[in-house]
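Raw contents of structure01.pdb, PDB, C-alpha atoms, pLDDT in the B column:
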MODEL        1
ATOM      1  CA  ASN A 240     189.380 213.790  47.874  1.00 55.00           C
ATOM      2  CA  ALA A 241     191.613 214.792  45.000  1.00 73.00           C
ATOM      3  CA  GLY A 242     190.997 213.114  41.702  1.00 90.00           C
ATOM      4  CA  VAL A 243     193.436 211.078  39.694  1.00 94.00           C
ATOM      5  CA  MET A 244     196.590 213.084  39.136  1.00 95.00           C
ATOM      6  CA  GLN A 245     198.850 212.744  36.149  1.00 96.00           C
ATOM      7  CA  ASN A 246     202.054 214.521  35.373  1.00 96.00           C
ATOM      8  CA  PRO A 247     203.396 215.973  33.336  1.00 97.00           C
ATOM      9  CA  ARG A 248     200.357 217.178  31.404  1.00 95.00           C
ATOM     10  CA  HIS A 249     202.451 217.737  28.301  1.00 96.00           C
ATOM     11  CA  LEU A 250     205.709 216.055  27.433  1.00 97.00           C
ATOM     12  CA  VAL A 251     207.903 216.630  24.412  1.00 98.00           C
ATOM     13  CA  ARG A 252     210.632 214.169  23.574  1.00 97.00           C
ATOM     14  CA  ARG A 253     212.963 213.652  20.618  1.00 97.00           C
ATOM     15  CA  ARG A 254     213.152 210.294  18.924  1.00 97.00           C
ATOM     16  CA  GLY A 255     215.268 207.884  20.925  1.00 97.00           C
ATOM     17  CA  GLN A 256     214.713 209.560  24.291  1.00 98.00           C
ATOM     18  CA  GLU A 257     212.835 208.098  27.231  1.00 98.00           C
ATOM     19  CA  ALA A 258     209.410 209.221  28.419  1.00 98.00           C
ATOM     20  CA  ARG A 259     208.202 208.731  31.987  1.00 98.00           C
ATOM     21  CA  LEU A 260     204.554 209.312  32.738  1.00 98.00           C
ATOM     22  CA  ARG A 261     203.277 209.402  36.308  1.00 98.00           C
ATOM     23  CA  CYS A 262     199.887 208.630  37.750  1.00 97.00           C
ATOM     24  CA  SER A 263     198.703 209.062  41.321  1.00 96.00           C
ATOM     25  CA  PRO A 264     195.383 207.255  41.839  1.00 95.00           C
ATOM     26  CA  MET A 265     192.564 208.544  43.952  1.00 94.00           C
ATOM     27  CA  LYS A 266     192.929 207.945  47.676  1.00 91.00           C
ATOM     28  CA  GLY A 267     191.863 204.451  48.565  1.00 89.00           C
ATOM     29  CA  HIS A 268     192.148 203.149  44.991  1.00 91.00           C
ATOM     30  CA  SER A 269     194.553 200.282  44.514  1.00 91.00           C
ATOM     31  CA  HIS A 270     193.671 199.414  40.917  1.00 93.00           C
ATOM     32  CA  VAL A 271     195.344 201.421  38.151  1.00 95.00           C
ATOM     33  CA  TYR A 272     194.762 201.212  34.415  1.00 95.00           C
ATOM     34  CA  TRP A 273     196.686 202.898  31.595  1.00 97.00           C
ATOM     35  CA  TYR A 274     195.106 203.729  28.248  1.00 96.00           C
ATOM     36  CA  ARG A 275     196.395 205.372  25.077  1.00 96.00           C
ATOM     37  CA  GLN A 276     194.367 207.621  22.798  1.00 93.00           C
ATOM     38  CA  LEU A 277     195.405 208.514  19.294  1.00 88.00           C
ATOM     39  CA  PRO A 278     193.881 211.654  17.706  1.00 81.00           C
ATOM     40  CA  GLU A 279     190.193 211.298  16.843  1.00 77.00           C
ATOM     41  CA  GLU A 280     190.056 207.780  18.257  1.00 81.00           C
ATOM     42  CA  GLY A 281     188.783 206.074  21.380  1.00 82.00           C
ATOM     43  CA  LEU A 282     191.023 204.896  24.172  1.00 90.00           C
ATOM     44  CA  LYS A 283     192.913 201.617  23.936  1.00 93.00           C
ATOM     45  CA  PHE A 284     193.718 199.609  27.048  1.00 94.00           C
ATOM     46  CA  MET A 285     197.412 199.112  27.728  1.00 96.00           C
ATOM     47  CA  VAL A 286     198.026 197.708  31.207  1.00 96.00           C
ATOM     48  CA  TYR A 287     196.277 196.978  34.505  1.00 95.00           C
ATOM     49  CA  LEU A 288     198.145 197.054  37.804  1.00 95.00           C
ATOM     50  CA  GLN A 289     197.467 196.617  41.457  1.00 92.00           C
ATOM     51  CA  LYS A 290     199.952 197.577  44.102  1.00 85.00           C
ATOM     52  CA  GLU A 291     203.326 196.097  43.130  1.00 86.00           C
ATOM     53  CA  ASN A 292     201.730 193.706  40.607  1.00 93.00           C
ATOM     54  CA  ILE A 293     201.046 193.789  36.895  1.00 94.00           C
ATOM     55  CA  ILE A 294     197.732 192.013  36.454  1.00 93.00           C
ATOM     56  CA  ASP A 295     197.266 192.323  32.704  1.00 93.00           C
ATOM     57  CA  GLU A 296     199.573 193.889  30.150  1.00 93.00           C
ATOM     58  CA  SER A 297     197.957 192.454  27.066  1.00 92.00           C
ATOM     59  CA  GLY A 298     197.470 195.873  25.489  1.00 92.00           C
ATOM     60  CA  MET A 299     201.015 197.072  25.912  1.00 94.00           C
ATOM     61  CA  PRO A 300     203.626 196.741  23.164  1.00 93.00           C
ATOM     62  CA  LYS A 301     206.127 194.037  24.034  1.00 91.00           C
ATOM     63  CA  GLU A 302     209.150 196.239  23.453  1.00 94.00           C
ATOM     64  CA  ARG A 303     210.116 199.643  24.842  1.00 97.00           C
ATOM     65  CA  PHE A 304     207.056 199.952  27.112  1.00 97.00           C
ATOM     66  CA  SER A 305     206.941 199.077  30.793  1.00 97.00           C
ATOM     67  CA  ALA A 306     204.771 199.948  33.760  1.00 97.00           C
ATOM     68  CA  GLU A 307     205.020 199.727  37.503  1.00 96.00           C
ATOM     69  CA  PHE A 308     202.954 200.566  40.543  1.00 95.00           C
ATOM     70  CA  PRO A 309     205.260 200.472  43.570  1.00 92.00           C
ATOM     71  CA  LYS A 310     204.151 200.067  47.150  1.00 88.00           C
ATOM     72  CA  GLU A 311     204.892 203.721  47.728  1.00 88.00           C
ATOM     73  CA  GLY A 312     204.494 206.430  45.129  1.00 91.00           C
ATOM     74  CA  PRO A 313     202.748 206.826  41.820  1.00 95.00           C
ATOM     75  CA  SER A 314     202.323 204.397  38.985  1.00 97.00           C
ATOM     76  CA  ILE A 315     204.856 204.951  36.210  1.00 97.00           C
ATOM     77  CA  LEU A 316     204.466 204.253  32.507  1.00 98.00           C
ATOM     78  CA  ARG A 317     207.868 204.223  30.880  1.00 98.00           C
ATOM     79  CA  ILE A 318     208.533 204.388  27.166  1.00 98.00           C
ATOM     80  CA  GLN A 319     212.104 203.851  26.081  1.00 97.00           C
ATOM     81  CA  GLN A 320     213.583 205.020  22.784  1.00 97.00           C
ATOM     82  CA  VAL A 321     210.442 206.842  21.766  1.00 97.00           C
ATOM     83  CA  VAL A 322     209.358 206.988  18.125  1.00 96.00           C
ATOM     84  CA  ARG A 323     206.959 209.383  16.406  1.00 94.00           C
ATOM     85  CA  GLY A 324     204.211 206.773  16.510  1.00 93.00           C
ATOM     86  CA  ASP A 325     204.241 206.990  20.308  1.00 95.00           C
ATOM     87  CA  SER A 326     202.798 210.496  20.105  1.00 96.00           C
ATOM     88  CA  ALA A 327     199.412 210.259  21.785  1.00 96.00           C
ATOM     89  CA  ALA A 328     197.479 211.106  24.908  1.00 96.00           C
ATOM     90  CA  TYR A 329     198.090 208.644  27.728  1.00 97.00           C
ATOM     91  CA  PHE A 330     195.397 208.352  30.349  1.00 96.00           C
ATOM     92  CA  CYS A 331     195.514 206.722  33.706  1.00 96.00           C
ATOM     93  CA  ALA A 332     192.404 205.551  35.548  1.00 95.00           C
ATOM     94  CA  SER A 333     191.939 204.236  39.053  1.00 94.00           C
ATOM     95  CA  SER A 334     189.286 202.220  40.780  1.00 91.00           C
ATOM     96  CA  PRO A 335     188.742 200.918  44.314  1.00 89.00           C
ATOM     97  CA  SER A 336     188.035 197.448  42.986  1.00 83.00           C
ATOM     98  CA  ALA A 337     187.753 195.486  39.777  1.00 75.00           C
ATOM     99  CA  VAL A 338     183.984 195.877  39.575  1.00 74.00           C
ATOM    100  CA  ASN A 339     183.565 199.615  40.023  1.00 76.00           C
ATOM    101  CA  GLU A 340     183.702 202.543  37.659  1.00 83.00           C
ATOM    102  CA  GLN A 341     187.089 203.885  36.701  1.00 88.00           C
ATOM    103  CA  PHE A 342     188.001 207.492  37.304  1.00 91.00           C
ATOM    104  CA  PHE A 343     190.317 209.051  34.775  1.00 93.00           C
ATOM    105  CA  GLY A 344     193.105 211.533  35.141  1.00 94.00           C
ATOM    106  CA  PRO A 345     193.556 214.523  32.801  1.00 93.00           C
ATOM    107  CA  GLY A 346     196.069 212.662  30.676  1.00 95.00           C
ATOM    108  CA  THR A 347     199.611 213.261  29.517  1.00 97.00           C
ATOM    109  CA  ARG A 348     199.995 214.408  25.954  1.00 96.00           C
ATOM    110  CA  LEU A 349     203.235 213.050  24.566  1.00 97.00           C
ATOM    111  CA  THR A 350     204.714 214.596  21.453  1.00 97.00           C
ATOM    112  CA  VAL A 351     207.707 212.945  19.849  1.00 97.00           C
ATOM    113  CA  LEU A 352     209.665 215.195  17.519  1.00 95.00           C
TER
ATOM    114  CA  SER B   1     188.032 195.103  15.988  1.00 41.00           C
ATOM    115  CA  GLN B   2     186.619 197.285  18.726  1.00 45.00           C
ATOM    116  CA  GLN B   3     184.319 195.823  21.314  1.00 58.00           C
ATOM    117  CA  GLY B   4     182.144 198.914  21.454  1.00 65.00           C
ATOM    118  CA  GLU B   5     180.974 200.888  18.463  1.00 79.00           C
ATOM    119  CA  GLU B   6     179.037 204.114  18.792  1.00 83.00           C
ATOM    120  CA  ASP B   7     176.431 205.338  16.412  1.00 85.00           C
ATOM    121  CA  PRO B   8     176.199 207.960  15.057  1.00 92.00           C
ATOM    122  CA  GLN B   9     179.800 209.089  14.781  1.00 90.00           C
ATOM    123  CA  ALA B  10     178.669 212.715  14.824  1.00 94.00           C
ATOM    124  CA  LEU B  11     175.452 214.394  15.916  1.00 95.00           C
ATOM    125  CA  SER B  12     174.425 218.036  15.666  1.00 96.00           C
ATOM    126  CA  ILE B  13     171.297 219.287  17.419  1.00 96.00           C
ATOM    127  CA  GLN B  14     169.754 222.501  18.721  1.00 97.00           C
ATOM    128  CA  GLU B  15     169.756 223.427  22.369  1.00 97.00           C
ATOM    129  CA  GLY B  16     166.718 221.989  24.100  1.00 97.00           C
ATOM    130  CA  GLU B  17     166.474 218.938  21.861  1.00 97.00           C
ATOM    131  CA  ASN B  18     167.193 215.422  23.019  1.00 97.00           C
ATOM    132  CA  ALA B  19     170.313 213.575  21.905  1.00 97.00           C
ATOM    133  CA  THR B  20     170.443 209.800  21.577  1.00 97.00           C
ATOM    134  CA  MET B  21     173.643 207.850  21.086  1.00 96.00           C
ATOM    135  CA  ASN B  22     173.873 204.123  20.604  1.00 95.00           C
ATOM    136  CA  CYS B  23     176.558 201.609  21.372  1.00 94.00           C
ATOM    137  CA  SER B  24     176.916 198.030  20.203  1.00 94.00           C
ATOM    138  CA  TYR B  25     179.334 195.428  21.475  1.00 92.00           C
ATOM    139  CA  LYS B  26     180.300 191.892  20.638  1.00 89.00           C
ATOM    140  CA  THR B  27     180.982 189.759  23.694  1.00 86.00           C
ATOM    141  CA  SER B  28     179.337 189.222  27.075  1.00 86.00           C
ATOM    142  CA  ILE B  29     180.064 192.021  29.501  1.00 87.00           C
ATOM    143  CA  ASN B  30     180.237 192.682  33.233  1.00 86.00           C
ATOM    144  CA  ASN B  31     179.206 196.265  32.877  1.00 89.00           C
ATOM    145  CA  LEU B  32     179.013 199.114  30.385  1.00 91.00           C
ATOM    146  CA  GLN B  33     180.099 202.646  31.137  1.00 92.00           C
ATOM    147  CA  TRP B  34     179.521 205.938  29.384  1.00 94.00           C
ATOM    148  CA  TYR B  35     182.092 208.735  29.459  1.00 94.00           C
ATOM    149  CA  ARG B  36     182.236 212.287  28.169  1.00 96.00           C
ATOM    150  CA  GLN B  37     185.359 213.941  26.853  1.00 93.00           C
ATOM    151  CA  ASN B  38     185.659 217.600  26.042  1.00 90.00           C
ATOM    152  CA  SER B  39     188.141 218.475  23.340  1.00 83.00           C
ATOM    153  CA  GLY B  40     191.675 217.956  24.530  1.00 76.00           C
ATOM    154  CA  ARG B  41     190.594 217.007  28.025  1.00 82.00           C
ATOM    155  CA  GLY B  42     190.310 213.915  30.184  1.00 85.00           C
ATOM    156  CA  LEU B  43     187.304 211.639  30.484  1.00 90.00           C
ATOM    157  CA  VAL B  44     184.424 212.280  32.826  1.00 92.00           C
ATOM    158  CA  HIS B  45     182.522 209.237  34.038  1.00 92.00           C
ATOM    159  CA  LEU B  46     178.780 209.557  33.432  1.00 95.00           C
ATOM    160  CA  ILE B  47     177.043 206.282  34.227  1.00 94.00           C
ATOM    161  CA  LEU B  48     177.862 202.627  34.877  1.00 92.00           C
ATOM    162  CA  ILE B  49     175.190 200.044  34.105  1.00 93.00           C
ATOM    163  CA  ARG B  50     175.723 196.437  35.098  1.00 91.00           C
ATOM    164  CA  SER B  51     174.836 193.480  32.926  1.00 91.00           C
ATOM    165  CA  ASN B  52     171.816 192.615  35.103  1.00 94.00           C
ATOM    166  CA  GLU B  53     170.383 196.123  34.853  1.00 96.00           C
ATOM    167  CA  ARG B  54     168.199 197.404  32.050  1.00 97.00           C
ATOM    168  CA  GLU B  55     167.958 201.138  32.677  1.00 97.00           C
ATOM    169  CA  LYS B  56     169.596 203.826  34.783  1.00 97.00           C
ATOM    170  CA  HIS B  57     169.010 207.523  35.226  1.00 96.00           C
ATOM    171  CA  SER B  58     171.247 210.332  36.365  1.00 95.00           C
ATOM    172  CA  GLY B  59     169.889 213.848  36.074  1.00 96.00           C
ATOM    173  CA  ARG B  60     169.245 214.512  32.376  1.00 97.00           C
ATOM    174  CA  LEU B  61     170.932 211.242  31.375  1.00 97.00           C
ATOM    175  CA  ARG B  62     169.155 207.974  30.728  1.00 98.00           C
ATOM    176  CA  VAL B  63     171.034 204.809  29.815  1.00 98.00           C
ATOM    177  CA  THR B  64     169.486 201.567  28.645  1.00 97.00           C
ATOM    178  CA  LEU B  65     171.121 198.191  28.194  1.00 97.00           C
ATOM    179  CA  ASP B  66     169.818 195.317  26.083  1.00 96.00           C
ATOM    180  CA  THR B  67     172.095 192.337  26.589  1.00 94.00           C
ATOM    181  CA  SER B  68     170.127 190.215  24.120  1.00 94.00           C
ATOM    182  CA  LYS B  69     170.961 192.706  21.364  1.00 94.00           C
ATOM    183  CA  LYS B  70     174.323 193.590  22.860  1.00 94.00           C
ATOM    184  CA  SER B  71     173.505 197.271  22.694  1.00 95.00           C
ATOM    185  CA  SER B  72     173.140 200.318  24.894  1.00 96.00           C
ATOM    186  CA  SER B  73     171.839 203.804  24.400  1.00 97.00           C
ATOM    187  CA  LEU B  74     172.558 207.117  26.077  1.00 97.00           C
ATOM    188  CA  LEU B  75     169.825 209.735  26.034  1.00 98.00           C
ATOM    189  CA  ILE B  76     170.550 213.327  26.998  1.00 97.00           C
ATOM    190  CA  THR B  77     167.331 215.250  27.490  1.00 97.00           C
ATOM    191  CA  ALA B  78     166.912 219.008  27.100  1.00 97.00           C
ATOM    192  CA  SER B  79     170.441 219.384  25.759  1.00 97.00           C
ATOM    193  CA  ARG B  80     172.577 222.434  26.484  1.00 97.00           C
ATOM    194  CA  ALA B  81     175.479 223.979  24.611  1.00 96.00           C
ATOM    195  CA  ALA B  82     177.709 222.786  27.467  1.00 95.00           C
ATOM    196  CA  ASP B  83     176.862 219.186  26.532  1.00 97.00           C
ATOM    197  CA  THR B  84     178.979 219.597  23.388  1.00 97.00           C
ATOM    198  CA  ALA B  85     181.643 216.905  23.694  1.00 96.00           C
ATOM    199  CA  SER B  86     182.586 213.423  22.545  1.00 94.00           C
ATOM    200  CA  TYR B  87     180.734 210.582  24.229  1.00 95.00           C
ATOM    201  CA  PHE B  88     182.247 207.128  24.559  1.00 93.00           C
ATOM    202  CA  CYS B  89     180.812 203.837  25.650  1.00 93.00           C
ATOM    203  CA  ALA B  90     183.204 201.388  27.256  1.00 92.00           C
ATOM    204  CA  THR B  91     182.604 197.767  28.060  1.00 91.00           C
ATOM    205  CA  ALA B  92     184.192 195.743  30.839  1.00 85.00           C
ATOM    206  CA  TYR B  93     184.138 192.075  30.034  1.00 72.00           C
ATOM    207  CA  ASN B  94     186.625 190.229  32.142  1.00 73.00           C
ATOM    208  CA  ALA B  95     187.626 189.831  35.748  1.00 72.00           C
ATOM    209  CA  GLY B  96     190.065 192.696  35.587  1.00 74.00           C
ATOM    210  CA  ASN B  97     187.411 195.157  34.444  1.00 81.00           C
ATOM    211  CA  MET B  98     189.632 196.541  31.714  1.00 86.00           C
ATOM    212  CA  LEU B  99     187.632 198.810  29.469  1.00 89.00           C
ATOM    213  CA  THR B 100     187.289 198.587  25.716  1.00 89.00           C
ATOM    214  CA  PHE B 101     186.204 201.869  24.182  1.00 90.00           C
ATOM    215  CA  GLY B 102     184.337 202.608  21.005  1.00 87.00           C
ATOM    216  CA  GLY B 103     185.302 205.383  18.641  1.00 87.00           C
ATOM    217  CA  GLY B 104     182.886 207.850  20.216  1.00 91.00           C
ATOM    218  CA  THR B 105     180.047 210.077  19.137  1.00 94.00           C
ATOM    219  CA  ARG B 106     180.917 213.736  18.644  1.00 94.00           C
ATOM    220  CA  LEU B 107     177.930 215.741  19.833  1.00 96.00           C
ATOM    221  CA  MET B 108     177.491 219.384  18.980  1.00 96.00           C
ATOM    222  CA  VAL B 109     174.688 221.320  20.627  1.00 97.00           C
ATOM    223  CA  LYS B 110     174.016 224.632  18.943  1.00 96.00           C
ATOM    224  CA  PRO B 111     172.767 227.498  21.099  1.00 91.00           C
TER
ENDMDL
END
Please rewrite the model in this file as structure tokens.
Amino acid sequence: NAGVMQNPRHLVRRRGQEARLRCSPMKGHSHVYWYRQLPEEGLKFMVYLQKENIIDESGMPKERFSAEFPKEGPSILRIQQVVRGDSAAYFCASSPSAVNEQFFGPGTRLTVL
Amino acid sequence: SQQGEEDPQALSIQEGENATMNCSYKTSINNLQWYRQNSGRGLVHLILIRSNEREKHSGRLRVTLDTSKKSSSLLITASRAADTASYFCATAYNAGNMLTFGGGTRLMVKP
């Protein structure tokens, strides 16, 4: 059973461009969580999704950020018009239910020039 | 402010010694999880302890939970150089099980 997959692992964007981060959960996991980690800090929750539904997006900035988890395919975290402050590591985690441990992917390190 | 706070922020020990890291939190929780992160890498899940549990073991790891004090501790026995990493506690406190992470303890085990 492959673990949580994220791609790309590294992403460089110029200010104003769009960043698309992908997450494929573990097989059988329908709960997906996105977190952001700034250098030397812990992870901060962004958004929680189940198939086709956003359950909680309380940690996601109201503008420029969006997330989806379609019926088929990976979960996508989309950042429009990126700014330097968006530079961070973005981690996706999946879980088979809302009461079990979360398994994390390797992360996507976004650098905004 | 963060739900979970680790203490100490940094810990340096010799190989073979035990390492103890503490975590405090503020609100009632469903469960508390400990993760390890090597520099520049993803998180590895270590242990999940539920709010009705007091202690759990996994290999050289021992986790305790005191809900009355809203605190947890992670003990790594007989540490190895390979245990060098950052250790995070994360609390899940609502129905969605979203995790709130502390700032981590950076552990260095010297050979």
Selected residue of minimal separation from B:Ile47 among B:Ile29, B:Leu74, B:Ala92, B:Leu99, counting only C-alpha atoms
B:Leu74
Find the residues around B:Arg60 up to 8 Å (all atoms listed in the file counted), leave out those fewer than 5 positions away in its own chain, and share them as a list in words.
Leu75, Ile76, Thr77 and Ala78 of chain B
Keeping only C-alpha atoms, write those residues as a PDB file, in the coordinates of the input.
ATOM      1  CA  LEU B  75     169.825 209.735  26.034  1.00 98.00           C
ATOM      2  CA  ILE B  76     170.550 213.327  26.998  1.00 97.00           C
ATOM      3  CA  THR B  77     167.331 215.250  27.490  1.00 97.00           C
ATOM      4  CA  ALA B  78     166.912 219.008  27.100  1.00 97.00           C
TER       5      ALA B  78
END
Do me a favour and pick out the residues of chain A within 12 Å of chain B, using all atoms listed in the file, as a PDB file with C-alpha atoms, keeping the file's coordinate frame.
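File written: out.pdb
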ATOM      1  CA  GLY A 242     190.997 213.114  41.702  1.00 90.00           C
ATOM      2  CA  VAL A 243     193.436 211.078  39.694  1.00 94.00           C
ATOM      3  CA  MET A 244     196.590 213.084  39.136  1.00 95.00           C
ATOM      4  CA  GLN A 245     198.850 212.744  36.149  1.00 96.00           C
ATOM      5  CA  ARG A 248     200.357 217.178  31.404  1.00 95.00           C
ATOM      6  CA  HIS A 249     202.451 217.737  28.301  1.00 96.00           C
ATOM      7  CA  HIS A 270     193.671 199.414  40.917  1.00 93.00           C
ATOM      8  CA  VAL A 271     195.344 201.421  38.151  1.00 95.00           C
ATOM      9  CA  TYR A 272     194.762 201.212  34.415  1.00 95.00           C
ATOM     10  CA  TRP A 273     196.686 202.898  31.595  1.00 97.00           C
ATOM     11  CA  TYR A 274     195.106 203.729  28.248  1.00 96.00           C
ATOM     12  CA  ARG A 275     196.395 205.372  25.077  1.00 96.00           C
ATOM     13  CA  GLN A 276     194.367 207.621  22.798  1.00 93.00           C
ATOM     14  CA  LEU A 277     195.405 208.514  19.294  1.00 88.00           C
ATOM     15  CA  PRO A 278     193.881 211.654  17.706  1.00 81.00           C
ATOM     16  CA  GLU A 279     190.193 211.298  16.843  1.00 77.00           C
ATOM     17  CA  GLU A 280     190.056 207.780  18.257  1.00 81.00           C
ATOM     18  CA  GLY A 281     188.783 206.074  21.380  1.00 82.00           C
ATOM     19  CA  LEU A 282     191.023 204.896  24.172  1.00 90.00           C
ATOM     20  CA  LYS A 283     192.913 201.617  23.936  1.00 93.00           C
ATOM     21  CA  PHE A 284     193.718 199.609  27.048  1.00 94.00           C
ATOM     22  CA  MET A 285     197.412 199.112  27.728  1.00 96.00           C
ATOM     23  CA  VAL A 286     198.026 197.708  31.207  1.00 96.00           C
ATOM     24  CA  TYR A 287     196.277 196.978  34.505  1.00 95.00           C
ATOM     25  CA  LEU A 288     198.145 197.054  37.804  1.00 95.00           C
ATOM     26  CA  GLN A 289     197.467 196.617  41.457  1.00 92.00           C
ATOM     27  CA  ILE A 293     201.046 193.789  36.895  1.00 94.00           C
ATOM     28  CA  ILE A 294     197.732 192.013  36.454  1.00 93.00           C
ATOM     29  CA  ASP A 295     197.266 192.323  32.704  1.00 93.00           C
ATOM     30  CA  GLU A 296     199.573 193.889  30.150  1.00 93.00           C
ATOM     31  CA  SER A 297     197.957 192.454  27.066  1.00 92.00           C
ATOM     32  CA  GLY A 298     197.470 195.873  25.489  1.00 92.00           C
ATOM     33  CA  ALA A 327     199.412 210.259  21.785  1.00 96.00           C
ATOM     34  CA  ALA A 328     197.479 211.106  24.908  1.00 96.00           C
ATOM     35  CA  TYR A 329     198.090 208.644  27.728  1.00 97.00           C
ATOM     36  CA  PHE A 330     195.397 208.352  30.349  1.00 96.00           C
ATOM     37  CA  CYS A 331     195.514 206.722  33.706  1.00 96.00           C
ATOM     38  CA  ALA A 332     192.404 205.551  35.548  1.00 95.00           C
ATOM     39  CA  SER A 333     191.939 204.236  39.053  1.00 94.00           C
ATOM     40  CA  SER A 334     189.286 202.220  40.780  1.00 91.00           C
ATOM     41  CA  PRO A 335     188.742 200.918  44.314  1.00 89.00           C
ATOM     42  CA  SER A 336     188.035 197.448  42.986  1.00 83.00           C
ATOM     43  CA  ALA A 337     187.753 195.486  39.777  1.00 75.00           C
ATOM     44  CA  VAL A 338     183.984 195.877  39.575  1.00 74.00           C
ATOM     45  CA  ASN A 339     183.565 199.615  40.023  1.00 76.00           C
ATOM     46  CA  GLU A 340     183.702 202.543  37.659  1.00 83.00           C
ATOM     47  CA  GLN A 341     187.089 203.885  36.701  1.00 88.00           C
ATOM     48  CA  PHE A 342     188.001 207.492  37.304  1.00 91.00           C
ATOM     49  CA  PHE A 343     190.317 209.051  34.775  1.00 93.00           C
ATOM     50  CA  GLY A 344     193.105 211.533  35.141  1.00 94.00           C
ATOM     51  CA  PRO A 345     193.556 214.523  32.801  1.00 93.00           C
ATOM     52  CA  GLY A 346     196.069 212.662  30.676  1.00 95.00           C
ATOM     53  CA  THR A 347     199.611 213.261  29.517  1.00 97.00           C
ATOM     54  CA  ARG A 348     199.995 214.408  25.954  1.00 96.00           C
TER      55      ARG A 348
END
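Atom CA of B:Ser28 is found 11.5 Å from atom CA of B:Asn52.
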Answer key for the PyMOL selection byres ((chain A and resi 312) around 12), residues as a PyMOL selection string:
chain A and resi 244+261-264+266+269+290-291+307-311+313-315
File dump, residues just selected, C-alpha atoms, as a PDB file, keeping the file's coordinate frame:
ATOM      1  CA  MET A 244     196.590 213.084  39.136  1.00 95.00           C
ATOM      2  CA  ARG A 261     203.277 209.402  36.308  1.00 98.00           C
ATOM      3  CA  CYS A 262     199.887 208.630  37.750  1.00 97.00           C
ATOM      4  CA  SER A 263     198.703 209.062  41.321  1.00 96.00           C
ATOM      5  CA  PRO A 264     195.383 207.255  41.839  1.00 95.00           C
ATOM      6  CA  LYS A 266     192.929 207.945  47.676  1.00 91.00           C
ATOM      7  CA  SER A 269     194.553 200.282  44.514  1.00 91.00           C
ATOM      8  CA  LYS A 290     199.952 197.577  44.102  1.00 85.00           C
ATOM      9  CA  GLU A 291     203.326 196.097  43.130  1.00 86.00           C
ATOM     10  CA  GLU A 307     205.020 199.727  37.503  1.00 96.00           C
ATOM     11  CA  PHE A 308     202.954 200.566  40.543  1.00 95.00           C
ATOM     12  CA  PRO A 309     205.260 200.472  43.570  1.00 92.00           C
ATOM     13  CA  LYS A 310     204.151 200.067  47.150  1.00 88.00           C
ATOM     14  CA  GLU A 311     204.892 203.721  47.728  1.00 88.00           C
ATOM     15  CA  PRO A 313     202.748 206.826  41.820  1.00 95.00           C
ATOM     16  CA  SER A 314     202.323 204.397  38.985  1.00 97.00           C
ATOM     17  CA  ILE A 315     204.856 204.951  36.210  1.00 97.00           C
TER      18      ILE A 315
END
Residues near stretch 69-72 of chain B, anyone? I mean within 6 Å using all atoms listed in the file, not counting same-chain ones fewer than 5 positions away, as a VMD selection string.
chain B and resid 22 to 25 64
Apply the PyMOL selection byres ((chain B and resi 80) around 7) to the file shown and report the selected residues as a count of residues only.
8
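Taking atom CA of B:Arg62 and atom CA of A:Gly267 as the two end points, the separation is 29.1 Å.
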One decimal, Å: what's the distance from atom CA of A:Leu316 over to atom CA of A:Leu352, could you say?
19.3 Å
Name all residues at most 8 Å from A:Gln319 (count all atoms listed in the file; drop same-chain ones fewer than 6 positions away) and give them as a list of chain:residue names.
A:Gly255, A:Gln256, A:Glu257, A:Ala258, A:Arg303, A:Phe304
Result set, the PyMOL selection byres ((chain B and resi 11) around 6) on current file, as a PyMOL selection string
chain B and resi 10+12+107
Please, could N, CA, C and O atoms be added to stretch 243-249 of chain A and the result written as a PDB file, in the frame of the given file?
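As a result, part21.pdb now contains:
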ATOM      1  N   VAL A 243     192.247 211.726  40.204  1.00 94.00           N
ATOM      2  CA  VAL A 243     193.436 211.078  39.694  1.00 94.00           C
ATOM      3  C   VAL A 243     194.381 212.153  39.153  1.00 94.00           C
ATOM      4  O   VAL A 243     193.956 213.024  38.388  1.00 94.00           O
ATOM      5  N   MET A 244     195.616 212.084  39.557  1.00 95.00           N
ATOM      6  CA  MET A 244     196.590 213.084  39.136  1.00 95.00           C
ATOM      7  C   MET A 244     197.566 212.455  38.150  1.00 95.00           C
ATOM      8  O   MET A 244     198.039 211.341  38.358  1.00 95.00           O
ATOM      9  N   GLN A 245     197.854 213.204  37.106  1.00 96.00           N
ATOM     10  CA  GLN A 245     198.850 212.744  36.149  1.00 96.00           C
ATOM     11  C   GLN A 245     199.832 213.874  35.893  1.00 96.00           C
ATOM     12  O   GLN A 245     199.438 215.044  35.790  1.00 96.00           O
ATOM     13  N   ASN A 246     201.076 213.517  35.773  1.00 96.00           N
ATOM     14  CA  ASN A 246     202.054 214.521  35.373  1.00 96.00           C
ATOM     15  C   ASN A 246     203.192 213.869  34.612  1.00 96.00           C
ATOM     16  O   ASN A 246     203.459 212.679  34.785  1.00 96.00           O
ATOM     17  N   PRO A 247     203.797 214.617  33.679  1.00 97.00           N
ATOM     18  CA  PRO A 247     203.396 215.973  33.336  1.00 97.00           C
ATOM     19  C   PRO A 247     202.129 215.965  32.482  1.00 97.00           C
ATOM     20  O   PRO A 247     201.701 214.923  31.999  1.00 97.00           O
ATOM     21  N   ARG A 248     201.532 217.102  32.274  1.00 95.00           N
ATOM     22  CA  ARG A 248     200.357 217.178  31.404  1.00 95.00           C
ATOM     23  C   ARG A 248     200.778 217.146  29.939  1.00 95.00           C
ATOM     24  O   ARG A 248     200.062 216.619  29.092  1.00 95.00           O
ATOM     25  N   HIS A 249     201.907 217.738  29.663  1.00 96.00           N
ATOM     26  CA  HIS A 249     202.451 217.737  28.301  1.00 96.00           C
ATOM     27  C   HIS A 249     203.923 217.348  28.385  1.00 96.00           C
ATOM     28  O   HIS A 249     204.638 217.798  29.281  1.00 96.00           O
TER      29      HIS A 249
END
